[in-house]
$ cat model32.txt   # compact mmCIF, C-alpha atoms and all ligand atoms
# COMPACT_ATOMS: atom_id res chain seq x y z
CA MET A 1 5.13 -32.75 -3.31
CA LYS A 2 3.92 -29.96 -1.01
CA ASN A 3 1.84 -27.03 -2.19
CA LEU A 4 2.60 -23.56 -0.90
CA VAL A 5 0.04 -20.95 -1.95
CA VAL A 6 0.64 -17.21 -1.68
CA ILE A 7 -2.52 -15.08 -1.89
CA GLY A 8 -1.57 -11.65 -3.22
CA GLY A 9 1.01 -10.35 -5.66
CA GLY A 10 1.75 -7.09 -3.84
CA PHE A 11 4.89 -6.29 -1.86
CA ALA A 12 4.31 -8.92 0.81
CA GLY A 13 3.17 -11.63 -1.59
CA PHE A 14 5.94 -10.99 -4.10
CA TRP A 15 8.70 -11.14 -1.49
CA SER A 16 7.09 -14.17 0.19
CA ALA A 17 7.33 -16.03 -3.10
CA MET A 18 10.94 -14.94 -3.72
CA SER A 19 11.96 -15.92 -0.22
CA ALA A 20 10.17 -19.28 -0.45
CA VAL A 21 12.09 -20.12 -3.63
CA ARG A 22 15.39 -19.15 -2.01
CA GLN A 23 14.77 -21.07 1.18
CA ALA A 24 13.50 -24.19 -0.64
CA ARG A 25 16.71 -24.17 -2.67
CA PHE A 26 18.76 -23.71 0.50
CA LEU A 27 17.06 -26.73 2.10
CA ARG A 28 17.40 -28.63 -1.18
CA LYS A 29 13.66 -29.09 -1.21
CA ASP A 30 12.92 -27.15 -4.38
CA SER A 31 11.87 -30.29 -6.24
CA ALA A 32 9.54 -31.23 -3.36
CA LEU A 33 7.73 -27.88 -3.29
CA LYS A 34 5.25 -26.33 -5.69
CA ILE A 35 4.75 -22.59 -5.15
CA MET A 36 1.62 -20.92 -6.47
CA MET A 37 0.49 -17.33 -6.31
CA ILE A 38 -3.09 -16.12 -6.66
CA SER A 39 -3.55 -12.47 -7.43
CA LEU A 40 -6.17 -10.17 -8.93
CA ASP A 41 -3.92 -9.24 -11.83
CA GLU A 42 -0.49 -9.91 -13.33
CA TYR A 43 1.30 -7.01 -11.66
CA LEU A 44 3.11 -6.02 -8.52
CA SER A 45 1.45 -2.62 -8.11
CA ILE A 46 3.68 0.09 -6.71
CA ARG A 47 0.70 1.62 -4.87
CA PRO A 48 2.68 4.33 -3.04
CA ARG A 49 3.34 5.96 -6.41
CA PHE A 50 -0.19 5.96 -7.76
CA TYR A 51 -0.60 9.65 -6.88
CA GLU A 52 2.24 10.67 -9.17
CA ASN A 53 2.12 11.97 -12.71
CA LYS A 54 3.86 8.96 -14.20
CA PHE A 55 1.96 6.33 -12.23
CA LYS A 56 1.26 4.29 -15.34
CA ASP A 57 4.85 2.94 -15.25
CA MET A 58 4.36 1.88 -11.64
CA ARG A 59 3.48 -1.76 -12.18
CA VAL A 60 6.04 -4.57 -12.28
CA PRO A 61 5.02 -7.61 -14.36
CA LEU A 62 4.90 -10.58 -11.98
CA LYS A 63 5.44 -13.24 -14.63
CA LYS A 64 8.86 -11.86 -15.46
CA TYR A 65 9.95 -13.13 -12.03
CA LEU A 66 7.56 -16.01 -11.41
CA ASP A 67 7.89 -17.89 -14.70
CA PRO A 68 11.66 -18.49 -14.61
CA LEU A 69 11.39 -19.59 -10.97
CA GLY A 70 8.64 -22.10 -11.73
CA ILE A 71 6.04 -20.29 -9.63
CA VAL A 72 2.54 -20.68 -11.06
CA LEU A 73 0.47 -17.48 -11.16
CA HIS A 74 -3.31 -17.81 -11.01
CA VAL A 75 -4.99 -14.55 -11.94
CA ALA A 76 -8.16 -14.90 -9.93
CA LYS A 77 -10.04 -13.55 -6.95
CA VAL A 78 -10.00 -15.62 -3.80
CA GLU A 79 -13.53 -15.69 -2.41
CA ARG A 80 -13.16 -18.05 0.49
CA ILE A 81 -10.53 -19.96 2.46
CA ASP A 82 -11.34 -23.16 4.34
CA HIS A 83 -8.34 -23.34 6.63
CA LYS A 84 -9.49 -26.59 8.24
CA LYS A 85 -9.84 -28.50 4.97
CA ARG A 86 -6.95 -26.51 3.45
CA ASN A 87 -8.89 -25.34 0.42
CA ILE A 88 -8.96 -21.99 -1.37
CA PHE A 89 -12.00 -21.07 -3.46
CA MET A 90 -11.21 -18.69 -6.29
CA VAL A 91 -12.99 -17.20 -9.30
CA ARG A 92 -11.19 -16.35 -12.53
CA SER A 93 -12.11 -13.26 -14.55
CA ASN A 94 -14.22 -15.39 -16.95
CA GLY A 95 -16.33 -16.43 -13.96
CA GLN A 96 -14.87 -19.93 -13.71
CA GLU A 97 -14.71 -21.18 -10.13
CA GLU A 98 -11.80 -23.31 -8.96
CA VAL A 99 -10.62 -24.88 -5.74
CA LEU A 100 -6.94 -25.04 -4.90
CA SER A 101 -5.68 -27.13 -2.02
CA PHE A 102 -2.65 -26.21 0.01
CA ASP A 103 -0.23 -27.54 2.60
CA GLY A 104 1.18 -24.11 3.39
CA LEU A 105 -0.47 -20.72 2.92
CA ILE A 106 0.72 -17.12 3.06
CA LEU A 107 -2.11 -14.62 3.15
CA ALA A 108 -0.78 -11.38 1.64
CA ALA A 109 -3.97 -9.92 0.17
CA GLY A 110 -3.17 -6.38 1.32
CA SER A 111 -5.54 -3.58 2.12
CA GLN A 112 -8.33 -1.53 0.60
CA LEU A 113 -9.44 2.05 0.90
CA ASN A 114 -11.95 2.72 3.66
CA ARG A 115 -15.15 3.51 1.79
CA PRO A 116 -17.68 4.98 4.20
CA PRO A 117 -21.38 4.70 3.30
CA LEU A 118 -21.69 8.42 2.52
CA PRO A 119 -24.31 9.71 0.09
CA GLY A 120 -22.56 10.27 -3.24
CA PHE A 121 -19.28 8.59 -2.19
CA GLU A 122 -19.01 7.09 -5.70
CA HIS A 123 -18.31 10.61 -7.02
CA ALA A 124 -15.07 10.85 -5.04
CA PHE A 125 -11.80 9.85 -6.70
CA ASN A 126 -8.94 8.00 -5.03
CA VAL A 127 -5.47 6.61 -5.73
CA ASP A 128 -5.87 3.23 -4.07
CA THR A 129 -5.72 1.03 -7.17
CA PHE A 130 -4.34 1.38 -10.67
CA ARG A 131 -7.84 1.46 -12.18
CA GLU A 132 -8.96 4.24 -9.86
CA SER A 133 -5.79 6.24 -10.47
CA VAL A 134 -6.53 6.04 -14.20
CA GLN A 135 -10.04 7.37 -13.49
CA LEU A 136 -8.55 10.35 -11.66
CA GLU A 137 -6.09 11.00 -14.45
CA ASP A 138 -8.82 10.83 -17.11
CA HIS A 139 -10.88 13.27 -15.07
CA LEU A 140 -7.97 15.73 -14.77
CA LYS A 141 -7.36 15.47 -18.52
CA GLU A 142 -11.03 16.17 -19.17
CA LEU A 143 -10.91 19.29 -16.95
CA SER A 144 -7.73 20.49 -18.66
CA ALA A 145 -9.29 19.99 -22.11
CA SER A 146 -11.83 22.67 -21.17
CA ARG A 147 -9.03 24.75 -19.57
CA PHE A 148 -10.49 24.31 -16.07
CA LEU A 149 -13.20 26.73 -17.09
CA SER A 150 -15.42 26.91 -14.00
CA ALA A 151 -14.31 27.81 -10.48
CA SER A 152 -15.43 24.34 -9.32
CA SER A 153 -13.13 22.70 -11.87
CA ARG A 154 -10.20 24.74 -10.52
CA THR A 155 -10.90 23.69 -6.93
CA PHE A 156 -9.38 20.46 -5.61
CA VAL A 157 -10.40 18.92 -2.31
CA VAL A 158 -8.47 16.11 -0.64
CA VAL A 159 -10.16 14.43 2.32
CA GLY A 160 -7.74 13.04 4.90
CA ALA A 161 -4.76 14.97 6.25
CA SER A 162 -2.54 11.99 7.03
CA PHE A 163 0.32 10.49 5.03
CA THR A 164 -1.48 9.66 1.77
CA GLY A 165 -3.68 12.76 1.73
CA LEU A 166 -0.64 14.97 2.27
CA GLU A 167 1.29 13.32 -0.55
CA VAL A 168 -1.69 13.58 -2.87
CA ILE A 169 -2.41 17.25 -2.22
CA THR A 170 1.21 18.41 -2.26
CA GLY A 171 1.71 16.48 -5.51
CA LEU A 172 -1.27 18.10 -7.23
CA PRO A 173 0.31 21.47 -8.14
CA GLU A 174 3.10 19.69 -10.03
CA ARG A 175 0.59 17.36 -11.67
CA LEU A 176 -1.49 20.28 -12.88
CA ARG A 177 1.61 22.13 -14.11
CA SER A 178 2.14 19.27 -16.56
CA PHE A 179 -0.96 20.49 -18.46
CA ASP A 180 1.04 23.61 -19.27
CA LEU A 181 -1.70 26.14 -18.53
CA PRO A 182 0.40 28.65 -16.56
CA ASP A 183 -2.21 31.40 -16.26
CA ILE A 184 -4.71 29.35 -14.34
CA HIS A 185 -4.96 29.75 -10.58
CA TYR A 186 -6.08 26.65 -8.68
CA ASP A 187 -7.49 26.28 -5.18
CA PHE A 188 -6.25 23.39 -3.08
CA ILE A 189 -8.14 22.39 0.05
CA LEU A 190 -7.18 19.69 2.50
CA THR A 191 -9.84 18.61 5.00
CA ASP A 192 -9.94 16.28 7.96
CA ARG A 193 -12.35 15.54 10.77
CA SER A 194 -9.38 15.75 13.09
CA PHE A 195 -8.31 19.19 14.27
CA SER A 196 -4.68 18.48 13.56
CA ILE A 197 -2.75 17.95 10.40
CA ALA A 198 -0.80 14.64 10.39
CA PRO A 199 -1.65 13.83 14.03
CA GLU A 200 0.68 10.80 13.95
CA TYR A 201 3.72 13.12 13.66
CA SER A 202 5.68 14.84 16.40
CA SER A 203 4.88 18.53 16.94
CA GLU A 204 8.15 19.44 15.15
CA GLY A 205 7.11 17.25 12.22
CA ARG A 206 3.63 18.78 12.12
CA GLY A 207 5.20 22.25 12.13
CA ILE A 208 7.29 21.45 9.04
CA ILE A 209 4.29 19.93 7.27
CA SER A 210 2.02 22.89 8.10
CA ARG A 211 4.60 25.41 6.88
CA GLN A 212 5.01 23.55 3.60
CA ILE A 213 1.26 23.30 3.14
CA GLY A 214 1.03 27.07 3.66
CA LYS A 215 3.89 27.72 1.20
CA GLU A 216 2.09 25.71 -1.49
CA GLY A 217 -1.05 27.80 -0.90
CA ILE A 218 -3.01 24.80 0.37
CA GLN A 219 -5.83 25.63 2.79
CA PHE A 220 -6.49 23.24 5.67
CA PHE A 221 -10.08 22.86 6.93
CA ALA A 222 -9.77 21.11 10.29
CA GLY A 223 -12.52 19.38 12.25
CA GLU A 224 -14.75 18.96 9.20
CA GLU A 225 -16.68 15.69 8.92
CA VAL A 226 -17.98 14.94 5.43
CA ASP A 227 -21.77 14.71 5.11
CA SER A 228 -22.26 14.10 1.39
CA ILE A 229 -20.55 14.26 -1.98
CA SER A 230 -21.84 15.06 -5.46
CA PRO A 231 -20.10 15.57 -8.83
CA GLU A 232 -20.21 19.33 -8.11
CA HIS A 233 -19.66 19.74 -4.39
CA ILE A 234 -18.67 18.34 -1.04
CA ARG A 235 -20.83 19.12 1.98
CA PHE A 236 -19.71 18.90 5.61
CA LYS A 237 -21.73 18.20 8.74
CA SER A 238 -20.89 21.74 9.92
CA GLY A 239 -22.99 23.05 7.00
CA LYS A 240 -19.92 24.18 5.03
CA CYS A 241 -20.12 23.36 1.33
CA ILE A 242 -17.34 23.57 -1.27
CA GLU A 243 -18.13 23.73 -4.98
CA THR A 244 -15.65 21.37 -6.62
CA ARG A 245 -15.42 18.91 -9.48
CA THR A 246 -12.57 17.00 -7.85
CA ILE A 247 -12.72 15.32 -4.46
CA ILE A 248 -9.96 12.82 -3.71
CA TRP A 249 -10.69 10.48 -0.83
CA CYS A 250 -7.69 9.54 1.33
CA GLY A 251 -9.59 8.31 4.37
CA GLY A 252 -7.31 5.45 5.41
CA LEU A 253 -6.96 1.76 4.64
CA LYS A 254 -8.49 -1.40 6.04
CA ALA A 255 -7.27 -4.97 5.72
CA ASN A 256 -8.57 -7.23 2.98
CA PRO A 257 -11.85 -8.92 4.02
CA LEU A 258 -10.23 -12.35 3.52
CA THR A 259 -8.86 -11.85 7.02
CA SER A 260 -12.37 -12.67 8.28
CA MET A 261 -11.89 -16.28 7.12
CA PHE A 262 -9.89 -16.96 10.28
CA PRO A 263 -11.68 -17.14 13.62
CA ILE A 264 -9.12 -15.10 15.54
CA ASP A 265 -8.75 -11.59 16.89
CA ARG A 266 -8.39 -8.76 14.39
CA ASP A 267 -7.33 -5.21 15.16
CA CYS A 268 -9.30 -2.02 14.41
CA GLN A 269 -7.99 -2.06 10.82
CA GLY A 270 -9.20 -5.64 10.37
CA ARG A 271 -5.67 -7.10 10.49
CA LEU A 272 -4.95 -10.56 11.80
CA LYS A 273 -2.82 -10.69 14.90
CA VAL A 274 0.13 -12.91 14.01
CA ASP A 275 2.74 -14.55 16.24
CA GLN A 276 6.47 -13.78 16.23
CA PHE A 277 6.95 -16.07 13.21
CA LEU A 278 4.08 -14.32 11.34
CA ARG A 279 1.85 -17.39 11.75
CA ILE A 280 -1.85 -16.89 12.08
CA ASP A 281 -2.62 -17.85 15.64
CA GLY A 282 -2.90 -21.59 16.14
CA GLN A 283 -1.98 -22.50 12.56
CA LYS A 284 1.27 -24.39 11.96
CA THR A 285 1.70 -23.65 8.28
CA ILE A 286 -0.54 -20.62 7.66
CA PHE A 287 1.11 -17.20 7.69
CA ALA A 288 0.02 -13.60 7.11
CA ALA A 289 2.24 -10.75 5.89
CA GLY A 290 1.89 -7.11 4.90
CA ASP A 291 -1.26 -5.05 5.32
CA VAL A 292 -3.33 -8.07 6.44
CA ALA A 293 -1.06 -8.70 9.43
CA GLN A 294 -0.63 -6.94 12.72
CA ALA A 295 2.82 -8.04 13.81
CA CYS A 296 4.89 -7.06 16.80
CA VAL A 297 7.98 -5.27 15.48
CA ASP A 298 10.07 -4.77 18.63
CA ASP A 299 10.35 -5.49 22.35
CA GLU A 300 8.60 -2.21 23.21
CA GLY A 301 5.16 -3.30 22.01
CA HIS A 302 5.11 -1.42 18.70
CA THR A 303 3.19 -3.11 15.94
CA SER A 304 3.60 -2.97 12.20
CA VAL A 305 2.06 -0.19 10.14
CA MET A 306 0.39 -0.66 6.76
CA SER A 307 3.42 0.23 4.67
CA CYS A 308 5.94 -1.17 2.20
CA GLN A 309 8.50 -0.73 4.92
CA HIS A 310 6.79 -3.54 6.83
CA ALA A 311 5.21 -5.51 3.98
CA ILE A 312 8.51 -6.22 2.18
CA PRO A 313 10.48 -7.65 5.16
CA GLN A 314 7.42 -9.49 6.43
CA GLY A 315 7.12 -11.16 3.03
CA LYS A 316 10.76 -12.24 3.28
CA PHE A 317 10.23 -13.72 6.75
CA ALA A 318 6.88 -15.33 5.87
CA GLY A 319 8.24 -17.03 2.73
CA ASN A 320 11.25 -18.30 4.62
CA ASN A 321 9.20 -19.53 7.57
CA ALA A 322 6.46 -21.12 5.47
CA VAL A 323 9.05 -23.32 3.75
CA ASN A 324 10.72 -24.16 7.05
CA ALA A 325 7.36 -25.04 8.60
CA LEU A 326 6.49 -27.35 5.69
CA PHE A 327 9.82 -29.19 6.02
CA ASP A 328 9.96 -29.25 9.84
CA CYS A 329 12.82 -26.75 10.22
CA ASP A 330 13.10 -24.01 12.85
CA LEU A 331 11.33 -20.72 12.16
CA ILE A 332 13.00 -17.29 12.39
CA PRO A 333 11.28 -14.74 14.65
CA TYR A 334 10.33 -11.55 12.81
CA SER A 335 11.35 -8.22 14.25
CA GLN A 336 11.94 -4.78 12.76
CA PRO A 337 12.94 -2.28 15.44
CA ARG A 338 13.95 0.45 12.98
CA TYR A 339 11.11 2.75 11.99
CA VAL A 340 11.42 5.68 9.61
CA THR A 341 8.99 7.58 7.41
CA CYS A 342 9.68 9.71 4.38
CA LEU A 343 6.79 11.96 3.42
CA ASP A 344 6.67 13.60 0.00
CA LEU A 345 5.70 17.26 0.35
CA GLY A 346 5.73 18.35 -3.28
CA SER A 347 8.34 20.01 -5.41
CA GLU A 348 11.78 19.88 -3.77
CA GLN A 349 10.38 19.09 -0.33
CA ALA A 350 10.01 15.97 1.79
CA LEU A 351 10.26 15.09 5.46
CA LEU A 352 12.28 12.16 6.81
CA THR A 353 11.49 11.09 10.36
CA SER A 354 13.04 8.50 12.60
CA GLY A 355 11.54 6.52 15.45
CA TRP A 356 7.95 5.97 16.49
CA GLY A 357 7.57 9.59 17.62
CA ARG A 358 8.21 10.61 14.00
CA PHE A 359 10.83 13.20 14.84
CA PRO A 360 12.29 15.09 11.84
CA LYS A 361 15.73 13.94 10.69
CA MET A 362 15.93 15.60 7.30
CA THR A 363 13.89 18.03 5.20
CA GLY A 364 14.16 19.94 1.94
CA ILE A 365 15.82 18.81 -1.24
CA SER A 366 17.99 16.10 0.39
CA ALA A 367 14.91 14.49 1.94
CA LYS A 368 13.16 14.76 -1.42
CA GLU A 369 16.10 13.04 -3.14
CA LEU A 370 15.96 10.27 -0.57
CA LYS A 371 12.20 9.90 -1.14
CA ILE A 372 12.81 9.56 -4.87
CA GLU A 373 15.49 6.94 -4.22
CA ILE A 374 13.22 4.95 -1.88
CA MET A 375 10.35 5.01 -4.34
CA SER A 376 12.37 4.31 -7.45
CA LYS A 377 14.95 1.86 -6.07
CA TRP A 378 14.39 0.51 -2.57
CA ILE A 379 10.83 -0.72 -3.02
CA ILE A 380 11.27 -1.90 -6.63
CA PRO A 381 12.62 -5.41 -7.24
CA GLU A 382 16.02 -5.78 -8.93
CA LYS A 383 15.72 -6.16 -12.71
CA ASP A 384 17.60 -9.46 -12.57
CA VAL A 385 15.48 -12.36 -11.29
CA GLU A 386 18.26 -14.24 -9.51
CA GLU A 387 19.50 -11.02 -7.88
CA THR A 388 15.95 -10.50 -6.61
CA VAL A 389 15.89 -14.00 -5.13
CA LYS A 390 19.18 -13.21 -3.34
CA MET A 391 17.66 -10.03 -1.91
CA SER A 392 14.88 -12.04 -0.24
CA VAL A 393 16.95 -13.11 2.79
CA PRO A 394 15.11 -11.98 5.96
CA VAL A 395 17.21 -9.37 7.76
CA ILE A 396 16.53 -7.54 11.03
CA LEU A 397 17.23 -3.80 10.75
CA HIS A 398 18.10 -1.98 13.97
CA ASN A 399 17.74 1.69 14.78
CA GLU A 400 20.73 3.81 13.96
CA GLY A 401 19.86 6.21 16.75
C1 LIG B 501 -1.89 6.07 -2.26
C2 LIG B 501 -1.01 5.25 -1.35
C3 LIG B 501 0.20 5.76 -0.93
C4 LIG B 501 1.03 5.00 -0.11
N1 LIG B 501 2.24 5.51 0.26
C5 LIG B 501 3.10 4.75 0.95
C6 LIG B 501 4.42 5.20 1.23
O1 LIG B 501 4.81 6.31 0.88
N2 LIG B 501 5.25 4.38 1.92
C7 LIG B 501 4.85 3.13 2.32
O2 LIG B 501 5.66 2.40 2.92
N3 LIG B 501 3.61 2.68 2.08
C8 LIG B 501 2.72 3.44 1.40
N4 LIG B 501 1.47 2.98 1.12
C9 LIG B 501 1.05 1.70 1.68
C10 LIG B 501 1.56 0.53 0.84
O3 LIG B 501 1.21 0.69 -0.50
C11 LIG B 501 0.96 -0.75 1.38
O4 LIG B 501 1.25 -0.85 2.75
C12 LIG B 501 1.54 -1.94 0.65
O5 LIG B 501 1.11 -1.92 -0.70
C13 LIG B 501 1.13 -3.24 1.33
O6 LIG B 501 1.62 -4.31 0.62
P1 LIG B 501 0.81 -5.67 0.62
O7 LIG B 501 1.57 -6.62 -0.23
O8 LIG B 501 0.45 -6.07 2.01
O9 LIG B 501 -0.59 -5.35 -0.09
P2 LIG B 501 -0.92 -4.76 -1.51
O10 LIG B 501 0.18 -4.00 -2.08
O11 LIG B 501 -2.25 -4.12 -1.32
O12 LIG B 501 -1.12 -6.07 -2.40
C14 LIG B 501 -2.21 -6.92 -2.21
C15 LIG B 501 -2.24 -7.96 -3.30
O13 LIG B 501 -3.30 -8.86 -3.04
C16 LIG B 501 -4.06 -9.09 -4.21
N5 LIG B 501 -5.42 -9.39 -3.78
C17 LIG B 501 -6.25 -8.61 -3.07
N6 LIG B 501 -7.42 -9.25 -2.86
C18 LIG B 501 -7.30 -10.45 -3.44
C19 LIG B 501 -8.18 -11.56 -3.56
N7 LIG B 501 -9.41 -11.57 -3.03
N8 LIG B 501 -7.76 -12.63 -4.27
C20 LIG B 501 -6.53 -12.65 -4.82
N9 LIG B 501 -5.65 -11.65 -4.72
C21 LIG B 501 -6.04 -10.57 -4.03
C22 LIG B 501 -3.92 -7.80 -5.01
O14 LIG B 501 -4.12 -8.05 -6.37
C23 LIG B 501 -2.48 -7.41 -4.69
O15 LIG B 501 -1.61 -8.05 -5.58
C24 LIG B 501 0.61 3.72 0.31
C25 LIG B 501 -0.62 3.21 -0.11
C26 LIG B 501 -1.43 3.95 -0.93
C27 LIG B 501 -2.76 3.37 -1.37
$ encode --input "model32.txt" --output "structure tokens"
Amino acid sequence: MKNLVVIGGGFAGFWSAMSAVRQARFLRKDSALKIMMISLDEYLSIRPRFYENKFKDMRVPLKKYLDPLGIVLHVAKVERIDHKKRNIFMVRSNGQEEVLSFDGLILAAGSQLNRPPLPGFEHAFNVDTFRESVQLEDHLKELSASRFLSASSRTFVVVGASFTGLEVITGLPERLRSFDLPDIHYDFILTDRSFSIAPEYSSEGRGIISRQIGKEGIQFFAGEEVDSISPEHIRFKSGKCIETRTIIWCGGLKANPLTSMFPIDRDCQGRLKVDQFLRIDGQKTIFAAGDVAQACVDDEGHTSVMSCQHAIPQGKFAGNNAVNALFDCDLIPYSQPRYVTCLDLGSEQALLTSGWGRFPKMTGISAKELKIEIMSKWIIPEKDVEETVKMSVPVILHNEG
């Protein structure tokens, strides 16, 4: 019996496990393989939707899928990986330490919010995890209970004018409307140390985003580096200070620190550089997928981006390849030349781009409908477990031009 361990129950880990089951069945090795998953909790968290009003429904119970497929879920935190001795050291929530040995491993432990060592950073909110999204929601409810009485409680500052920050700030007006206090005027401020909004977008894309920001009455403070945060204000290195009770930090993601367990090159986001089969360099049966992996996606030198778009297919390839590696079958090279983004820009507005230059392909209500479809269908597993297993076949998607 061989042990395959998947660390992480997010998009990459979930699809790794589904794909491993499917491929083991295909090779008729299912009775010779034990698949285990270790994750911090019992849910596949739909993180991209944690900024929404109804984020509390955005967790898929893992056991619904894992139990019928015979995959054992260990709810625990992995503290250390000894890749030479093939041991994983984990701690359960009751403090109990355990060691799990493996023949094959898929590291899919995802990413975490960048938390700079700023004075008062703990007073900033974020939407990185379910727990922290609940904290933000509780805070908004508390402000609404006192009808957003002070000017600082009516002022909302989002730090970070890239993808997540834009979705958070453009989603806030709708979120606040749900409190049904129509007479209250709010101030929305987006800040970034960069001088440009969404610098990763083409100039056409940035134009659309800036216009929408303006339409929603959101002010953009460019070139502002945060100096300190308190429960009542945010101060910038320029000397500017904004009185606010709500600062939401969207300052980017970095790979899970478990990536440091492997003595190989990591990129500036802390991701492990993987080979074309998603193997961690030099390891025959150890793979990385999702936000922990920097994988080459095409022949032009583009590398994966921390996104569901890359985490889901990488999971499918990693699960497939891990099983093949354990049973001495050929591995399938991962590639994903097609690259699109769909940015939520608030009520009835979104921006679909295509290609690495992020050129606009669609805006307005049709882009918004597509965004809703992606977030409510494409990235959510099928309700039926066996249908989900079928969907785990690794497929290479090409650009449609
Ligand atoms: C607010 C926000 C908005 C986003 N919007 C989008 C979007 O619109 N489109 C898009 O494509 N992407 C978006 N993303 C990015 C996307 O959510 C991530 O790229 C995706 O979740 C990565 O999947 P993953 O499986 O690699 O990691 P994760 O989803 O982070 O899952 C990691 C898993 O590892 C587990 N884990 C972590 N540490 C340990 C440990 N020590 N021991 C055991 N288990 C551990 C966790 O419990 C979790 O199950 C957004 C992210 C955020 C935070």
$ closest_residue --input "model32.txt" --among "A:Ile35, A:Glu97, A:Asn87, A:Ala350" --to "Ser19 in chain A" --atoms "all atoms listed in the file"
A:Ile35
$ closest_atom_pairs --input "model32.txt" --of "range 177-206 of chain A" --to "range 318-342 of chain A" --cutoff "12 Å" --atoms "only C-alpha atoms" --output "tab-separated table"
residue	atom	partner	partner_atom	distance
A:Glu200	CA	A:Thr341	CA	11.1
A:Tyr201	CA	A:Thr341	CA	9.9
A:Gly205	CA	A:Thr341	CA	11.0
$ axis_aligned_box --input "model32.txt" --around "ligand LIG 501 (chain B)" --padding-each-side "4 Å" --output "lines of an AutoDock Vina configuration file"
center_x = -1.9
center_y = -3.2
center_z = -1.7
size_x = 23.1
size_y = 27.0
size_z = 17.3
$ residues_near_ligand --input "model32.txt" --ligand "ligand LIG 501 (chain B)" --cutoff "7 Å" --atoms "all atoms listed in the file" --output "ChimeraX atom specification"
/A:7-13,38-41,43-51,76-79,108-112,127-129,164,256,258,289-292,306-309,311,342-343
$ residues_around --input "model32.txt" --residues "Thr363 in chain A" --least-positions-apart "3" --cutoff "9 Å" --atoms "all atoms listed in the file" --output "VMD selection string"
chain A and resid 208 349 to 353 360 366 to 368
$ residues_near_point --input "model32.txt" --point "(-14.4, 25.8, -6.2)" --cutoff "9 Å" --atoms "all atoms listed in the file" --output "short mmCIF file (atom, residue, chain, number, x, y, z; two decimals) with C-alpha atoms, keeping the file's coordinate frame"
data_model
loop_
_atom_site.label_atom_id
_atom_site.label_comp_id
_atom_site.auth_asym_id
_atom_site.auth_seq_id
_atom_site.Cartn_x
_atom_site.Cartn_y
_atom_site.Cartn_z
CA SER A 150 -15.42 26.91 -14.00
CA ALA A 151 -14.31 27.81 -10.48
CA SER A 152 -15.43 24.34 -9.32
CA SER A 153 -13.13 22.70 -11.87
CA ARG A 154 -10.20 24.74 -10.52
CA THR A 155 -10.90 23.69 -6.93
CA PHE A 156 -9.38 20.46 -5.61
CA VAL A 157 -10.40 18.92 -2.31
CA TYR A 186 -6.08 26.65 -8.68
CA ASP A 187 -7.49 26.28 -5.18
CA GLU A 232 -20.21 19.33 -8.11
CA HIS A 233 -19.66 19.74 -4.39
CA ILE A 242 -17.34 23.57 -1.27
CA GLU A 243 -18.13 23.73 -4.98
CA THR A 244 -15.65 21.37 -6.62
CA ARG A 245 -15.42 18.91 -9.48
#
$ atom_distance --input "model32.txt" --atom1 "CA of Val99 in chain A" --atom2 "CA of Leu62 in chain A"
22.0 Å
$ residues_near_point --input "model32.txt" --point "(-5.9, 26.4, -1.5)" --cutoff "7 Å" --atoms "only C-alpha atoms" --output "PyMOL selection string"
chain A and resi 187-189+217-219
$ closest_residue --input "model32.txt" --among "A:Ala17, A:Ala124, A:Ala161, A:Lys84" --to "Asp67 in chain A" --atoms "all atoms listed in the file"
A:Ala17
